[in-house]
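Scroll down for the structure; my scribbles are underneath it.
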Amino acid sequence: MKDLLLIFISTLLINNLVLSYFLGICPFLGVSGKIESAFGMGMAVTFVMTLATSIGWLIYNLILLKFGLFYLEYVVFILVIASLVQIVEMFIRRYSSSLYQSLGIYLPLITTNCAILGSALFMVTRNYRFLEAVVFGFSGGLGFSLVILIMAGIREEVQYVNIPRIFRGAALTLITAGLLALIFMGFAGLIAS
Amino acid sequence: MSKIIIPILVLGLTGFVFSLLLALLSKKLKVEEDSRVGKILELLPGLNCGACGFSGCRAFAEAVTGKCDVFSGCLPATAEVNKQIAQTLGLIGCTSPHTKVVICHCLAKQGEKKVSSKYLGPNTCRAANISGGVIDCAYGCLALGDCLRVCPVGALSLREQAIDVDFKKCTGCGACLKACPRNLFELVPAKQGLPIYNVACSNRETALEVKKVCSKGCIGCTLCTKVEDSAYQMKNNLSTIDYQKGENQKALEEGKNKCPTKCITSSYKL
């Protein structure tokens with residue numbers, strides 16, 4: 001239980017996939033314009049990441065390792081992620097067309113979101129057990145959602161500020177992201193190992 | 001041999017299982033789409049210019065289905081296309097020819113704009129505007145063609161360093177409004193067969209300052225506003241046309257002829 005909690009906290013805050021591994025930067029910068037769509041994106045990524053790590057774990061440990069085919073992990077994980085994204089897309093399109101429109105191109109792009117493939121590969125290299133892998137995937141997704149929501153909140157407020165012209169747009173977004181990453185460095189001392 | 005076959009089988013089977021799942025779910029979660037959306041999309045010019053206020057042609061087609069009030073939104077579409085869309089929607093009666101074109105508020109040519117420095121920076125107006133180079137006038141057209149590059153229909157061209165708008169081609173999408181770093185463009189109403197008047201200057205300085213940098217600028221002499229029933233108004237040392245009042249062609253023409261620097265122009269939309 002303690003292990004699981006440790007994994008949860010450390011993936012959520014300390015080893016945040018976005019801000020300390022710099023994975024999934026594309027949607028992090030692209031969909032963080034509005035809180036609403038950032039929330040949708042975060043939820044979609046959380047869903048896909050949890051499922052991708054758990055199904056990836058099952059396939060890797062039960063099928064690939066049994067036949068000694070560990071070198072297929074990349075291909076299989078991408079296969080899993082791609083199909084999951086398709087399923088999520090169908091669900092969102094069916095049940096929330098406004099979310100579907102606001103996510104736009106970024107929804108199919110979850111397929112190539114390196115945070116998800118990254119979490120699946122980390123799960124393998126860190127030799128997690130099944131439950132640990134599920135918690136890792138879930139907290140990784142939550143960490144992504146947390147960061148993208150903070151970013152969206154900041155960017156929504158920043159719109160009302162008179163910014164010097166050269167800093168407007170992408171420049172300020174990147175600076176904000178960098179400062180956020182610095183802030184998240186502060187969590188490094190949270191757990192004494 | 002098994003070293004090849006087993007990986008192929010494993011990968012193939014996983015792929016097969018997932019594709020089966022996807023096939024089943026796609027049938028179960030199918031979204032019914034109005035067939036008219038596709039038809040309208042085919043009719044539309046497909047420029048994705050966003051002038052209608054929607055994010056693109058597709059969003060417009062979806063919004064338009066069944067609603068007459070947003071229907072008239074597509075500016076680049078010709079009257080014929082809009083008619084066909086109306087027929088597709090069963091809304092014969094709402095027609096809308098495109099009524100707005102863009103004009104450029106600086107038409108000073110090479111030689112008229114004073115140049116006292118040589119600009120060697122990147123070949124875009126946006127970059128040149130930061131350094132303030134190219135021409136002496138801080139308001140005028142830099143003539144490096146940012147607007148030419150964004151125009152989806154190629155209605156803009158440069159002639160002797162001045163912007164030339166082809167009103168036949170211009171659809172009033174407003175892409176150039178965003179591209180111009182000096183905000184020289186304006187969307188104005190255009191009527192068939194009537195000339196479009198334009199005060200082709202944006203310099204808000206006093207006459208002395210304007211004369212220093214351009215021989216064709218508006219010097220704020222207010223002569224055009226003094227014509228009877230004039231649609232010209234003075235704003236920040238600059239004559240502007242109130243296009244709501246723009247019906248009175250005679251007063252507009254008279255004001256144009258009064259202009260000492262010949263900076264008010266008129267041209268026809270055919």
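If you're wondering about the labels, chains in the structure tokens are A, B, ... by order shown, residues count from 1 in each chain, ligands from 1 in order shown.
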Checklist entry - Could you write out as a list in words the residues of chain B within 8 Å of chain A, counting only C-alpha atoms? => result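 Contact residues on the first chain: Ile6, Pro7, Val10, Leu11, Thr14, Gly15, Phe18, Ser19, Leu22, Leu25, Ser26, Leu29, Lys30 and Val31 of chain B.
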Next on the checklist: Residues near Asn237 in chain B, anyone? I mean within 10 Å using only C-alpha atoms, not counting same-chain ones fewer than 2 positions away, as a PyMOL selection string.
Outcome noted: chain B and resi 202-207+218-222+233-235+239-240
Next on the checklist: as a list of chain:residue names, please: the residues near Ala44 in chain A (cut-off 10 Å, only C-alpha atoms, same-chain neighbours under 5 positions excluded).
Outcome noted: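 Neighbouring residues, sequence-local ones excluded: A:Ala38, A:Phe39, A:Met49, A:Val85, A:Val88, A:Glu89, A:Ile92, A:Leu103, A:Leu107, A:Ile110, A:Gly141, A:Ser145.
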Include N, CA and C atoms and write out the residues we just selected as an mmCIF file, in the first residue's frame.
data_model
loop_
_atom_site.group_PDB
_atom_site.id
_atom_site.type_symbol
_atom_site.label_atom_id
_atom_site.label_comp_id
_atom_site.auth_asym_id
_atom_site.auth_seq_id
_atom_site.Cartn_x
_atom_site.Cartn_y
_atom_site.Cartn_z
ATOM 1 N N ALA A 38 -8.636 21.990 -21.808
ATOM 2 C CA ALA A 38 -7.495 21.391 -21.118
ATOM 3 C C ALA A 38 -7.965 20.265 -20.206
ATOM 4 N N PHE A 39 -9.107 20.498 -19.552
ATOM 5 C CA PHE A 39 -9.659 19.471 -18.677
ATOM 6 C C PHE A 39 -10.026 18.223 -19.486
ATOM 7 N N MET A 49 -3.881 6.679 -20.770
ATOM 8 C CA MET A 49 -2.627 6.271 -20.129
ATOM 9 C C MET A 49 -2.847 5.131 -19.155
ATOM 10 N N VAL A 85 -6.830 5.119 -28.391
ATOM 11 C CA VAL A 85 -7.170 6.483 -28.779
ATOM 12 C C VAL A 85 -8.389 6.495 -29.695
ATOM 13 N N VAL A 88 -11.413 6.019 -27.508
ATOM 14 C CA VAL A 88 -11.726 7.244 -26.762
ATOM 15 C C VAL A 88 -12.355 8.278 -27.692
ATOM 16 N N GLU A 89 -11.791 8.374 -28.897
ATOM 17 C CA GLU A 89 -12.320 9.348 -29.845
ATOM 18 C C GLU A 89 -13.779 9.058 -30.174
ATOM 19 N N ILE A 92 -15.935 10.047 -27.136
ATOM 20 C CA ILE A 92 -16.095 11.497 -26.965
ATOM 21 C C ILE A 92 -16.986 12.067 -28.052
ATOM 22 N N LEU A 103 -11.229 19.756 -28.725
ATOM 23 C CA LEU A 103 -9.961 19.021 -28.728
ATOM 24 C C LEU A 103 -9.363 18.986 -30.118
ATOM 25 N N LEU A 107 -6.860 15.307 -30.357
ATOM 26 C CA LEU A 107 -7.378 14.026 -29.882
ATOM 27 C C LEU A 107 -6.707 12.856 -30.603
ATOM 28 N N ILE A 110 -3.133 12.173 -29.537
ATOM 29 C CA ILE A 110 -2.746 11.456 -28.315
ATOM 30 C C ILE A 110 -1.973 10.201 -28.702
ATOM 31 N N GLY A 141 -1.246 10.125 -15.776
ATOM 32 C CA GLY A 141 -2.293 10.879 -16.471
ATOM 33 C C GLY A 141 -2.792 12.032 -15.634
ATOM 34 N N SER A 145 -2.787 15.987 -16.341
ATOM 35 C CA SER A 145 -3.980 16.841 -16.232
ATOM 36 C C SER A 145 -3.724 18.021 -15.309
#
Item to check | Distance of CA of Thr111 in chain A from CA of Leu13 in chain B, expressed in Å to one decimal place | outcome: 20.5 Å
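Distances to Ile175 in chain A were evaluated for A:Lys66, A:Glu156, A:Leu29, A:Val147 using only C-alpha atoms, and the minimum falls at A:Leu29.
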Next on the checklist: Please return, as an MDAnalysis selection string, all residues of range 22-246 of chain B that DSSP assigns to alpha helix (DSSP H) on the basis of the backbone.
Outcome noted: chainID B and resid 22:28 35:43 57:64 68:71 79:89 125:131 146:150 175:179 207:213
